[in-house]
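Coordinates as given in run24.txt (compact mmCIF, C-alpha atoms):
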# COMPACT_ATOMS: atom_id res chain seq x y z
CA MET H 27 -15.01 -1.23 -15.71
CA ASN H 28 -11.69 -2.29 -17.27
CA VAL H 29 -8.75 -2.10 -14.84
CA PHE H 30 -4.99 -1.95 -15.37
CA PHE H 31 -2.47 -2.29 -12.52
CA PHE H 32 1.11 -1.13 -12.80
CA GLY H 33 2.96 -3.38 -10.37
CA MET H 34 0.80 -6.44 -9.75
CA GLY H 35 2.30 -7.26 -6.38
CA TYR H 36 0.83 -8.25 -3.03
CA SER H 37 -1.54 -5.27 -2.60
CA SER H 38 -2.54 -4.99 -6.25
CA LEU H 39 -3.40 -8.68 -6.45
CA ALA H 40 -5.63 -8.28 -3.38
CA SER H 41 -7.31 -5.31 -5.06
CA ALA H 42 -7.78 -7.19 -8.33
CA ARG H 43 -9.38 -10.09 -6.48
CA ALA H 44 -11.65 -7.71 -4.57
CA LEU H 45 -12.79 -6.00 -7.78
CA ARG H 46 -13.93 -9.30 -9.24
CA GLN H 47 -15.45 -10.59 -6.00
CA MET H 48 -17.29 -7.40 -5.11
CA ILE H 49 -18.22 -5.88 -8.46
CA ASP H 50 -17.94 -8.13 -11.51
CA PRO H 51 -16.45 -11.64 -11.69
CA ALA H 52 -15.85 -11.17 -15.42
CA MET H 53 -14.18 -7.76 -15.11
CA PRO H 54 -11.22 -7.36 -17.51
CA ILE H 55 -8.10 -6.91 -15.36
CA ALA H 56 -4.52 -6.70 -16.57
CA GLY H 57 -1.29 -5.63 -14.95
CA THR H 58 2.46 -5.74 -14.95
CA THR H 59 5.20 -7.72 -13.27
CA ARG H 60 8.89 -7.70 -14.02
CA SER H 61 8.64 -11.13 -15.63
CA GLY H 62 5.14 -10.89 -17.08
CA ASP H 63 4.32 -14.22 -15.46
CA ALA H 64 0.62 -14.49 -14.59
CA GLY H 65 0.96 -17.68 -12.56
CA ASP H 66 -2.47 -19.08 -11.66
CA THR H 67 -4.06 -15.77 -10.66
CA GLY H 68 -6.53 -15.59 -13.54
CA PHE H 69 -5.37 -12.11 -14.52
CA LYS H 70 -3.52 -11.02 -17.65
CA PHE H 71 0.05 -9.92 -16.96
CA HIS H 72 2.59 -8.03 -19.05
CA SER H 73 6.31 -7.62 -18.43
CA PHE H 74 7.51 -4.16 -17.38
CA ASP H 75 10.80 -3.53 -15.57
CA GLY H 76 10.18 0.16 -14.89
CA ALA H 77 13.08 1.24 -17.08
CA HIS H 78 11.99 0.19 -20.56
CA LEU H 79 8.70 0.07 -22.42
CA GLY H 80 6.93 -3.25 -22.00
CA PRO H 81 6.55 -5.03 -25.35
CA THR H 82 2.90 -6.10 -25.01
CA LEU H 83 1.02 -3.92 -22.53
CA GLU H 84 -0.06 -0.90 -24.58
CA PRO H 85 -3.34 -2.31 -25.99
CA ASP H 86 -4.61 -3.27 -22.53
CA LEU H 87 -3.56 0.09 -21.08
CA LEU H 88 -5.33 1.93 -23.90
CA ALA H 89 -8.49 -0.07 -23.16
CA ALA H 90 -8.46 0.69 -19.42
CA THR H 91 -11.07 2.81 -17.71
CA HIS H 92 -9.31 2.58 -14.31
CA VAL H 93 -5.54 2.59 -13.75
CA VAL H 94 -3.78 1.84 -10.45
CA GLN H 95 -0.09 2.65 -10.06
CA SER H 96 1.70 0.80 -7.25
CA ILE H 97 5.32 0.79 -8.49
CA PRO H 98 7.49 2.79 -6.06
CA PRO H 99 9.54 5.64 -7.50
CA ASP H 100 13.31 5.86 -7.51
CA GLU H 101 15.88 8.50 -8.38
CA ARG H 102 14.57 8.46 -11.97
CA GLY H 103 11.07 9.39 -10.77
CA ASP H 104 7.81 7.59 -11.53
CA ALA H 105 8.19 4.80 -14.07
CA VAL H 106 4.65 5.13 -15.42
CA LEU H 107 4.72 8.88 -15.99
CA ASN H 108 8.23 8.63 -17.42
CA LEU H 109 7.33 5.94 -19.97
CA TYR H 110 3.57 5.71 -20.38
CA LYS H 111 2.22 9.24 -20.15
CA PRO H 112 1.73 9.39 -23.95
CA THR H 113 -0.26 6.15 -23.82
CA LEU H 114 -2.39 7.39 -20.94
CA ASP H 115 -2.98 10.58 -22.91
CA ARG H 116 -4.43 8.47 -25.72
CA ALA H 117 -6.56 6.16 -23.56
CA PRO H 118 -10.04 7.13 -24.79
CA ASN H 119 -12.12 5.76 -21.91
CA LEU H 120 -9.95 6.65 -18.92
CA GLU H 121 -12.21 7.46 -15.94
CA TRP H 122 -10.09 7.10 -12.79
CA LEU H 123 -6.51 7.01 -11.58
CA CYS H 124 -5.16 5.64 -8.29
CA TYR H 125 -1.68 6.01 -6.84
CA TYR H 126 -0.45 3.89 -3.92
CA SER H 127 1.74 6.10 -1.73
CA THR H 128 2.89 5.73 1.88
CA VAL H 129 2.29 7.32 5.27
CA GLY H 130 6.05 7.82 5.31
CA VAL H 131 5.50 11.10 3.44
CA TYR H 132 4.50 12.76 6.72
CA GLY H 133 7.78 12.18 8.54
CA ASP H 134 8.02 12.28 12.31
CA PHE H 135 5.34 13.72 14.62
CA GLY H 136 6.67 12.43 17.91
CA GLY H 137 3.84 9.94 18.30
CA ALA H 138 1.06 12.52 17.86
CA TRP H 139 -2.15 11.82 15.95
CA ILE H 140 -2.25 13.20 12.40
CA ASP H 141 -4.67 13.20 9.50
CA GLU H 142 -4.48 14.23 5.85
CA THR H 143 -4.17 17.91 6.78
CA ALA H 144 -0.73 17.31 8.31
CA THR H 145 2.24 18.72 6.44
CA THR H 146 4.51 16.35 4.56
CA ASN H 147 8.06 16.39 5.88
CA PRO H 148 9.60 13.07 4.83
CA ILE H 149 12.81 12.03 6.55
CA ASN H 150 14.17 9.41 4.18
CA THR H 151 14.89 9.56 0.46
CA ARG H 152 12.25 6.96 -0.40
CA SER H 153 9.49 9.08 1.07
CA ARG H 154 10.82 12.28 -0.50
CA PHE H 155 10.47 10.60 -3.88
CA ARG H 156 6.88 9.75 -2.96
CA VAL H 157 5.97 13.38 -2.21
CA GLU H 158 7.38 14.50 -5.54
CA VAL H 159 5.54 11.79 -7.45
CA GLU H 160 2.25 12.42 -5.65
CA ASN H 161 2.40 15.99 -6.95
CA GLN H 162 3.28 14.82 -10.46
CA TRP H 163 0.21 12.56 -10.49
CA ARG H 164 -1.97 15.40 -9.22
CA ASP H 165 -0.72 17.62 -12.03
CA TYR H 166 -1.26 14.90 -14.61
CA ALA H 167 -4.77 14.05 -13.42
CA ALA H 168 -5.73 17.73 -13.45
CA SER H 169 -4.39 18.20 -16.96
CA ARG H 170 -6.21 15.07 -18.13
CA GLY H 171 -9.45 15.95 -16.32
CA VAL H 172 -9.59 12.57 -14.58
CA PRO H 173 -10.25 11.97 -10.85
CA LEU H 174 -7.19 10.79 -8.91
CA LEU H 175 -7.14 8.88 -5.64
CA ILE H 176 -3.91 8.88 -3.64
CA LEU H 177 -3.83 6.26 -0.91
CA ARG H 178 -1.14 6.80 1.72
CA ILE H 179 -0.72 3.27 2.98
CA ALA H 180 0.66 2.12 6.35
CA GLY H 181 2.69 -1.04 6.97
CA ILE H 182 1.11 -3.88 4.98
CA TYR H 183 0.52 -7.33 6.41
CA GLY H 184 -1.62 -10.34 5.64
CA PRO H 185 -1.44 -14.04 4.82
CA GLY H 186 2.13 -15.00 4.02
CA ARG H 187 3.43 -11.64 5.23
CA SER H 188 2.76 -11.45 8.93
CA THR H 189 4.41 -11.79 12.30
CA PHE H 190 3.45 -15.47 12.26
CA ASP H 191 5.77 -16.06 9.32
CA LYS H 192 8.64 -14.35 11.11
CA LEU H 193 8.04 -16.38 14.25
CA ARG H 194 8.03 -19.58 12.22
CA ASP H 195 11.26 -18.82 10.39
CA GLY H 196 13.01 -17.42 13.45
CA THR H 197 13.39 -13.83 12.24
CA ALA H 198 10.85 -12.20 14.60
CA ARG H 199 12.40 -9.75 17.05
CA ARG H 200 10.90 -7.66 19.84
CA ILE H 201 12.79 -4.43 19.31
CA VAL H 202 11.79 -1.86 21.90
CA LYS H 203 12.06 1.88 21.35
CA PRO H 204 10.11 3.61 24.13
CA GLY H 205 7.12 5.54 22.81
CA GLN H 206 7.44 4.17 19.26
CA VAL H 207 4.25 3.15 17.48
CA PHE H 208 3.34 2.12 13.95
CA ASN H 209 0.10 1.85 12.03
CA ARG H 210 -0.54 -1.18 9.88
CA ILE H 211 -3.15 -2.23 7.35
CA HIS H 212 -4.35 -5.69 6.38
CA VAL H 213 -3.97 -6.41 2.67
CA GLU H 214 -7.65 -7.37 2.38
CA ASP H 215 -8.61 -3.89 3.57
CA ILE H 216 -6.41 -2.41 0.86
CA GLY H 217 -8.19 -4.56 -1.71
CA ARG H 218 -11.69 -3.80 -0.47
CA ILE H 219 -11.12 -0.05 -0.21
CA THR H 220 -9.49 0.11 -3.65
CA ALA H 221 -12.45 -1.73 -5.16
CA LEU H 222 -15.04 0.51 -3.50
CA ALA H 223 -13.10 3.64 -4.42
CA ALA H 224 -12.73 2.49 -8.02
CA GLU H 225 -16.45 1.81 -8.31
CA SER H 226 -17.33 5.29 -7.02
CA ARG H 227 -14.35 7.00 -8.72
CA LEU H 228 -13.36 8.53 -5.39
CA ALA H 229 -10.86 11.39 -5.69
CA GLY H 230 -8.55 12.97 -3.13
CA THR H 231 -5.72 12.05 -0.80
CA PHE H 232 -6.49 9.61 2.01
CA ASN H 233 -4.65 7.68 4.68
CA LEU H 234 -5.12 3.91 4.67
CA ALA H 235 -4.15 2.64 8.11
CA ASP H 236 -5.68 0.66 10.95
CA ASN H 237 -7.50 2.12 13.96
CA GLU H 238 -4.86 1.35 16.55
CA PRO H 239 -1.21 2.30 16.07
CA ALA H 240 0.81 0.09 18.40
CA PRO H 241 4.39 -0.67 19.49
CA PRO H 242 5.92 -3.28 17.16
CA GLN H 243 6.92 -5.56 20.03
CA ASP H 244 3.25 -5.86 21.06
CA LEU H 245 2.41 -7.57 17.76
CA VAL H 246 5.15 -10.13 18.26
CA THR H 247 3.96 -10.90 21.79
CA HIS H 248 0.35 -11.19 20.66
CA ALA H 249 1.16 -13.41 17.66
CA ALA H 250 3.36 -15.66 19.79
CA GLY H 251 0.48 -16.07 22.23
CA LEU H 252 -1.88 -17.06 19.41
CA MET H 253 0.67 -19.64 18.24
CA GLY H 254 1.28 -20.93 21.73
CA VAL H 255 5.01 -20.22 21.60
CA ALA H 256 7.31 -18.08 23.71
CA PRO H 257 8.03 -14.65 22.21
CA PRO H 258 11.65 -13.74 21.54
CA PRO H 259 13.34 -11.63 24.23
CA GLU H 260 13.03 -7.87 24.17
CA MET H 261 15.90 -6.05 22.51
CA PRO H 262 16.69 -2.33 23.00
CA PHE H 263 16.52 -0.34 19.76
CA GLU H 264 19.83 1.37 20.50
CA THR H 265 21.80 -1.89 20.51
CA ALA H 266 19.79 -3.95 18.01
CA GLU H 267 21.56 -4.97 14.82
CA MET H 268 19.45 -3.65 11.94
CA SER H 269 19.88 -2.70 8.34
CA ALA H 270 19.95 1.00 7.55
CA MET H 271 16.54 0.70 5.89
CA ALA H 272 14.98 -1.11 8.86
CA ARG H 273 16.41 1.43 11.28
CA SER H 274 15.08 4.30 9.17
CA PHE H 275 11.50 3.19 9.76
CA TYR H 276 11.94 3.96 13.47
CA SER H 277 12.74 7.61 12.68
CA ASP H 278 9.05 8.19 11.92
CA ASN H 279 6.76 8.08 14.96
CA LYS H 280 3.13 9.04 14.50
CA ARG H 281 -0.44 7.88 14.93
CA VAL H 282 -2.22 8.04 11.58
CA SER H 283 -5.98 8.61 11.47
CA ASN H 284 -8.05 6.72 8.90
CA ARG H 285 -11.29 8.55 9.62
CA ALA H 286 -11.42 10.35 6.26
CA ILE H 287 -11.40 7.24 4.05
CA ARG H 288 -13.92 5.47 6.28
CA ASP H 289 -16.25 8.46 6.12
CA ALA H 290 -15.77 8.92 2.37
CA LEU H 291 -16.78 5.32 1.64
CA GLY H 292 -19.19 4.87 4.57
CA ILE H 293 -17.45 1.77 5.87
CA GLU H 294 -15.46 0.31 8.74
CA LEU H 295 -12.31 -1.74 8.24
CA LEU H 296 -12.53 -5.50 8.01
CA TYR H 297 -9.59 -5.66 10.43
CA PRO H 298 -9.59 -2.47 12.53
CA THR H 299 -6.62 -3.54 14.68
CA TYR H 300 -3.78 -6.03 14.48
CA ARG H 301 -5.72 -8.34 16.82
CA GLU H 302 -8.53 -9.00 14.34
CA GLY H 303 -6.08 -9.20 11.47
CA LEU H 304 -3.79 -11.70 13.14
CA ALA H 305 -6.73 -13.77 14.36
CA ALA H 306 -8.06 -14.08 10.80
CA ILE H 307 -4.66 -15.07 9.45
CA LYS H 308 -4.23 -17.66 12.20
CA GLU H 309 -7.67 -19.13 11.56
CA ALA H 310 -6.94 -19.44 7.82
CA THR H 311 -3.50 -20.99 8.31
CA PRO H 312 -3.48 -24.80 8.17
Would you write out, as structure tokens, the structure that this file holds?
Amino acid sequence: MNVFFFGMGYSSLASARALRQMIDPAMPIAGTTRSGDAGDTGFKFHSFDGAHLGPTLEPDLLAATHVVQSIPPDERGDAVLNLYKPTLDRAPNLEWLCYYSTVGVYGDFGGAWIDETATTNPINTRSRFRVEVENQWRDYAASRGVPLLILRIAGIYGPGRSTFDKLRDGTARRIVKPGQVFNRIHVEDIGRITALAAESRLAGTFNLADNEPAPPQDLVTHAAGLMGVAPPPEMPFETAEMSAMARSFYSDNKRVSNRAIRDALGIELLYPTYREGLAAIKEATP
């Protein structure tokens, strides 16, 4: 297996680490960042800004058997299909494609449970772009004869990106919108599931979310209790000062089932609810 990641960010790094830990510690893994800086990750990085061809990445992309695309689309569409479709066409050993999407493609279901059979009716522009690009990747994979996995991912959290960090820096807020719930997913579950799916070349569209969608204020209260600090006061959604993007997340209210991906891979999540996830982060934090 030779893996290439477009957009080696938080989730892709977790997936790259999982691939080496679970399958092959010597697995060739390369990817892109805007700067091309590999830091001390042990992976090979190339620069790619999403608007222009990267100067060094083509040989590693041509050598890839597995390609994961995690760069979000914009009004120009999907950066990889726009700029690297000809290279993917020429990759002789390509066996599997993976696209990281979002549960935002479903839109609002008034808090009801949904699964992958639900219609997509995205409310915001970001999620509309995602629906369009999902279909473009399906068309490309079909034309190329390569299995494609689309992972519709819920709100991502993990070490360095959790409610604990917001409590420490004073930005945590308990915004209350009655009936509102969100699913989340721990970054290590993203990594583990990507690795298992890559190994089996799983194809299809799957939700990647935790088992227990919950009101956002409950996470803040729970995390504050684990830290032994007082939670911030509750704040009504209607009067809370929020950016337009932050407020837009509250327009989608649904409970997203993850049963299909668990059944497909024959696994349970490492962190099925925010309680296990936060407990693990707290235990690992000095």
Checklist entry - Neighbours of Trp122 in chain H within 10 Å (all atoms listed in the file; same-chain residues fewer than 3 positions away dropped), as a list in words? => result Val29, Ala90, Thr91, His92, Val93, Val94, Asn119, Ala167, Gly171, Val172, Pro173, Leu174, Leu175, Ala223, Ala224, Glu225, Ser226, Arg227, Leu228 and Ala229 of chain H
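Distances here use all atoms listed in the file; by that measure, the residue among H:Thr128, H:His78, H:Arg154, H:Asp134 closest to Tyr110 in chain H is H:His78.
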Next on the checklist: Between H:Ser37, H:Thr151, H:Asn237, H:Thr299, which residue has the minimum interatomic distance to Trp139 in chain H, considering only C-alpha atoms?
Outcome noted: H:Asn237
Checklist entry - Which residue out of H:Thr143, H:Asp104, H:Asp191, H:Leu120 has the minimum interatomic distance to Glu160 in chain H when all atoms listed in the file are used? => result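 Ranking H:Thr143, H:Asp104, H:Asp191, H:Leu120 by distance to Glu160 in chain H, first place goes to H:Asp104.
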Item to check | Spatial neighbours of Ser283 in chain H, 8 Å, only C-alpha atoms, chain gap at least 5 places, as a PyMOL selection string | outcome: chain H and resi 139-141+233+235-237
Checklist entry - Nearest to Gln206 in chain H: which of H:Tyr276, H:Phe31, H:Tyr132, H:Tyr125 is it, counting only C-alpha atoms? => result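 The answer is H:Tyr276, which sits nearest to Gln206 in chain H.
Using only C-alpha atoms, the residues found no farther than 8 Å from Gly57 in chain H, other than those of its own chain fewer than 6 positions away, are H:Phe30, H:Phe31, H:Phe32, H:Gly33, H:Met34, H:Phe69, H:Lys70, H:Phe71, H:His72.
Ranking H:Arg301, H:Arg178, H:Arg187, H:Arg102 by their shortest atom-to-atom distance to Tyr36 in chain H, with all atoms listed in the file included, puts H:Arg187 first.
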Checklist entry - From the set H:Ile149, H:Val159, H:Ala117, H:Pro81, which residue has the shortest atom-to-atom contact distance to Ser96 in chain H, counting only C-alpha atoms? => result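 For Ser96 in chain H, the nearest of the candidates is H:Val159.
For the point (0.8, 0.9, 15.2), the residues with an atom at a distance of at most 6 Å are Val207, Phe208, Asn209, Arg210, Glu238, Pro239, Ala240 and Pro241 of chain H, counting all atoms listed in the file.
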Checklist entry - Contacts of Val202 in chain H at 10 Å or less, counting all atoms listed in the file, minus same-chain residues fewer than 2 places along, as an MDAnalysis selection string? => result chainID H and resid 199:200 204:206 241:244 260:264 266
Next on the checklist: Rounded to one decimal, what separation in Å do you get between CA of Pro148 in chain H and CA of His212 in chain H?
Outcome noted: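 Atom-to-atom, CA of Pro148 in chain H and CA of His212 in chain H are spaced 23.4 Å apart.
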Checklist entry - Could you state the separation of CA of Pro185 in chain H and CA of Gln47 in chain H in Å, given to one decimal place? => result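 One can read the CA of Pro185 in chain H to CA of Gln47 in chain H distance as 18.0 Å.
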Item to check | Exercise: residues within 8 Å of coordinate (7.1, 1.3, -2.3), counting all atoms listed in the file, as a list in words | outcome: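 Residues found, by chain and rising number: Ser96, Ile97, Pro98, Pro99, Ser127, Thr128 and Arg152 of chain H.
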File of the preceding selection, C-alpha atoms, as a PDB file, in the coordinates of the input:
ATOM      1  CA  SER H  96       1.700   0.800  -7.250  1.00  0.00           C
ATOM      2  CA  ILE H  97       5.320   0.790  -8.490  1.00  0.00           C
ATOM      3  CA  PRO H  98       7.490   2.790  -6.060  1.00  0.00           C
ATOM      4  CA  PRO H  99       9.540   5.640  -7.500  1.00  0.00           C
ATOM      5  CA  SER H 127       1.740   6.100  -1.730  1.00  0.00           C
ATOM      6  CA  THR H 128       2.890   5.730   1.880  1.00  0.00           C
ATOM      7  CA  ARG H 152      12.250   6.960  -0.400  1.00  0.00           C
TER       8      ARG H 152
END
Filled-in all heavy atoms of range 259-270 of chain H, supplied as a PDB file, keeping the file's coordinate frame:
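Result file is out38.pdb:
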ATOM      1  N   PRO H 259      13.083 -12.617  23.172  1.00  0.00           N
ATOM      2  CA  PRO H 259      13.340 -11.630  24.230  1.00  0.00           C
ATOM      3  C   PRO H 259      13.302 -10.207  23.689  1.00  0.00           C
ATOM      4  O   PRO H 259      13.540  -9.973  22.494  1.00  0.00           O
ATOM      5  CB  PRO H 259      14.750 -11.994  24.703  1.00  0.00           C
ATOM      6  CG  PRO H 259      15.368 -12.687  23.540  1.00  0.00           C
ATOM      7  CD  PRO H 259      14.263 -13.437  22.867  1.00  0.00           C
ATOM      8  N   GLU H 260      12.990  -9.272  24.567  1.00  0.00           N
ATOM      9  CA  GLU H 260      13.030  -7.870  24.170  1.00  0.00           C
ATOM     10  C   GLU H 260      14.455  -7.439  23.889  1.00  0.00           C
ATOM     11  O   GLU H 260      15.408  -7.926  24.508  1.00  0.00           O
ATOM     12  CB  GLU H 260      12.407  -6.990  25.256  1.00  0.00           C
ATOM     13  CG  GLU H 260      10.908  -7.158  25.391  1.00  0.00           C
ATOM     14  CD  GLU H 260      10.292  -6.109  26.310  1.00  0.00           C
ATOM     15  OE1 GLU H 260      11.056  -5.391  26.985  1.00  0.00           O
ATOM     16  OE2 GLU H 260       9.049  -6.006  26.342  1.00  0.00           O
ATOM     17  N   MET H 261      14.587  -6.505  22.939  1.00  0.00           N
ATOM     18  CA  MET H 261      15.900  -6.050  22.510  1.00  0.00           C
ATOM     19  C   MET H 261      15.864  -4.522  22.390  1.00  0.00           C
ATOM     20  O   MET H 261      15.022  -3.978  21.661  1.00  0.00           O
ATOM     21  CB  MET H 261      16.217  -6.677  21.151  1.00  0.00           C
ATOM     22  CG  MET H 261      17.583  -6.393  20.589  1.00  0.00           C
ATOM     23  SD  MET H 261      17.768  -7.226  18.965  1.00  0.00           S
ATOM     24  CE  MET H 261      17.386  -8.931  19.397  1.00  0.00           C
ATOM     25  N   PRO H 262      16.717  -3.793  23.100  1.00  0.00           N
ATOM     26  CA  PRO H 262      16.690  -2.330  23.000  1.00  0.00           C
ATOM     27  C   PRO H 262      17.036  -1.861  21.581  1.00  0.00           C
ATOM     28  O   PRO H 262      17.944  -2.400  20.937  1.00  0.00           O
ATOM     29  CB  PRO H 262      17.775  -1.877  23.984  1.00  0.00           C
ATOM     30  CG  PRO H 262      17.973  -3.038  24.901  1.00  0.00           C
ATOM     31  CD  PRO H 262      17.708  -4.263  24.078  1.00  0.00           C
ATOM     32  N   PHE H 263      16.295  -0.879  21.106  1.00  0.00           N
ATOM     33  CA  PHE H 263      16.520  -0.340  19.760  1.00  0.00           C
ATOM     34  C   PHE H 263      17.954   0.135  19.582  1.00  0.00           C
ATOM     35  O   PHE H 263      18.561  -0.071  18.535  1.00  0.00           O
ATOM     36  CB  PHE H 263      15.547   0.820  19.515  1.00  0.00           C
ATOM     37  CG  PHE H 263      15.822   1.598  18.261  1.00  0.00           C
ATOM     38  CD1 PHE H 263      15.472   1.092  17.023  1.00  0.00           C
ATOM     39  CD2 PHE H 263      16.448   2.850  18.319  1.00  0.00           C
ATOM     40  CE1 PHE H 263      15.724   1.810  15.859  1.00  0.00           C
ATOM     41  CE2 PHE H 263      16.705   3.566  17.164  1.00  0.00           C
ATOM     42  CZ  PHE H 263      16.336   3.049  15.926  1.00  0.00           C
ATOM     43  N   GLU H 264      18.500   0.756  20.619  1.00  0.00           N
ATOM     44  CA  GLU H 264      19.830   1.370  20.500  1.00  0.00           C
ATOM     45  C   GLU H 264      20.911   0.342  20.195  1.00  0.00           C
ATOM     46  O   GLU H 264      21.900   0.654  19.515  1.00  0.00           O
ATOM     47  CB  GLU H 264      20.180   2.128  21.777  1.00  0.00           C
ATOM     48  CG  GLU H 264      19.332   3.365  22.046  1.00  0.00           C
ATOM     49  CD  GLU H 264      17.930   3.017  22.544  1.00  0.00           C
ATOM     50  OE1 GLU H 264      17.693   1.846  22.955  1.00  0.00           O
ATOM     51  OE2 GLU H 264      17.069   3.926  22.514  1.00  0.00           O
ATOM     52  N   THR H 265      20.753  -0.875  20.674  1.00  0.00           N
ATOM     53  CA  THR H 265      21.800  -1.890  20.510  1.00  0.00           C
ATOM     54  C   THR H 265      21.426  -2.979  19.509  1.00  0.00           C
ATOM     55  O   THR H 265      22.244  -3.874  19.250  1.00  0.00           O
ATOM     56  CB  THR H 265      22.122  -2.540  21.862  1.00  0.00           C
ATOM     57  OG1 THR H 265      20.923  -3.120  22.407  1.00  0.00           O
ATOM     58  CG2 THR H 265      22.677  -1.509  22.836  1.00  0.00           C
ATOM     59  N   ALA H 266      20.227  -2.914  18.951  1.00  0.00           N
ATOM     60  CA  ALA H 266      19.790  -3.950  18.010  1.00  0.00           C
ATOM     61  C   ALA H 266      20.535  -3.826  16.686  1.00  0.00           C
ATOM     62  O   ALA H 266      20.732  -2.720  16.166  1.00  0.00           O
ATOM     63  CB  ALA H 266      18.290  -3.836  17.781  1.00  0.00           C
ATOM     64  N   GLU H 267      20.949  -4.952  16.146  1.00  0.00           N
ATOM     65  CA  GLU H 267      21.560  -4.970  14.820  1.00  0.00           C
ATOM     66  C   GLU H 267      20.456  -4.910  13.779  1.00  0.00           C
ATOM     67  O   GLU H 267      19.587  -5.768  13.725  1.00  0.00           O
ATOM     68  CB  GLU H 267      22.402  -6.228  14.635  1.00  0.00           C
ATOM     69  CG  GLU H 267      23.654  -6.265  15.490  1.00  0.00           C
ATOM     70  CD  GLU H 267      24.538  -7.461  15.143  1.00  0.00           C
ATOM     71  OE1 GLU H 267      24.231  -8.152  14.144  1.00  0.00           O
ATOM     72  OE2 GLU H 267      25.510  -7.697  15.877  1.00  0.00           O
ATOM     73  N   MET H 268      20.488  -3.866  12.947  1.00  0.00           N
ATOM     74  CA  MET H 268      19.450  -3.650  11.940  1.00  0.00           C
ATOM     75  C   MET H 268      20.073  -3.078  10.693  1.00  0.00           C
ATOM     76  O   MET H 268      21.093  -2.382  10.756  1.00  0.00           O
ATOM     77  CB  MET H 268      18.372  -2.678  12.474  1.00  0.00           C
ATOM     78  CG  MET H 268      17.746  -3.066  13.788  1.00  0.00           C
ATOM     79  SD  MET H 268      16.708  -1.738  14.481  1.00  0.00           S
ATOM     80  CE  MET H 268      15.362  -1.734  13.319  1.00  0.00           C
ATOM     81  N   SER H 269      19.451  -3.345   9.570  1.00  0.00           N
ATOM     82  CA  SER H 269      19.880  -2.700   8.340  1.00  0.00           C
ATOM     83  C   SER H 269      19.549  -1.208   8.408  1.00  0.00           C
ATOM     84  O   SER H 269      18.701  -0.778   9.203  1.00  0.00           O
ATOM     85  CB  SER H 269      19.177  -3.318   7.133  1.00  0.00           C
ATOM     86  OG  SER H 269      17.798  -3.010   7.159  1.00  0.00           O
ATOM     87  N   ALA H 270      20.211  -0.440   7.569  1.00  0.00           N
ATOM     88  CA  ALA H 270      19.950   1.000   7.550  1.00  0.00           C
ATOM     89  C   ALA H 270      18.495   1.282   7.192  1.00  0.00           C
ATOM     90  O   ALA H 270      17.869   2.181   7.755  1.00  0.00           O
ATOM     91  CB  ALA H 270      20.887   1.689   6.559  1.00  0.00           C
TER      92      ALA H 270
END
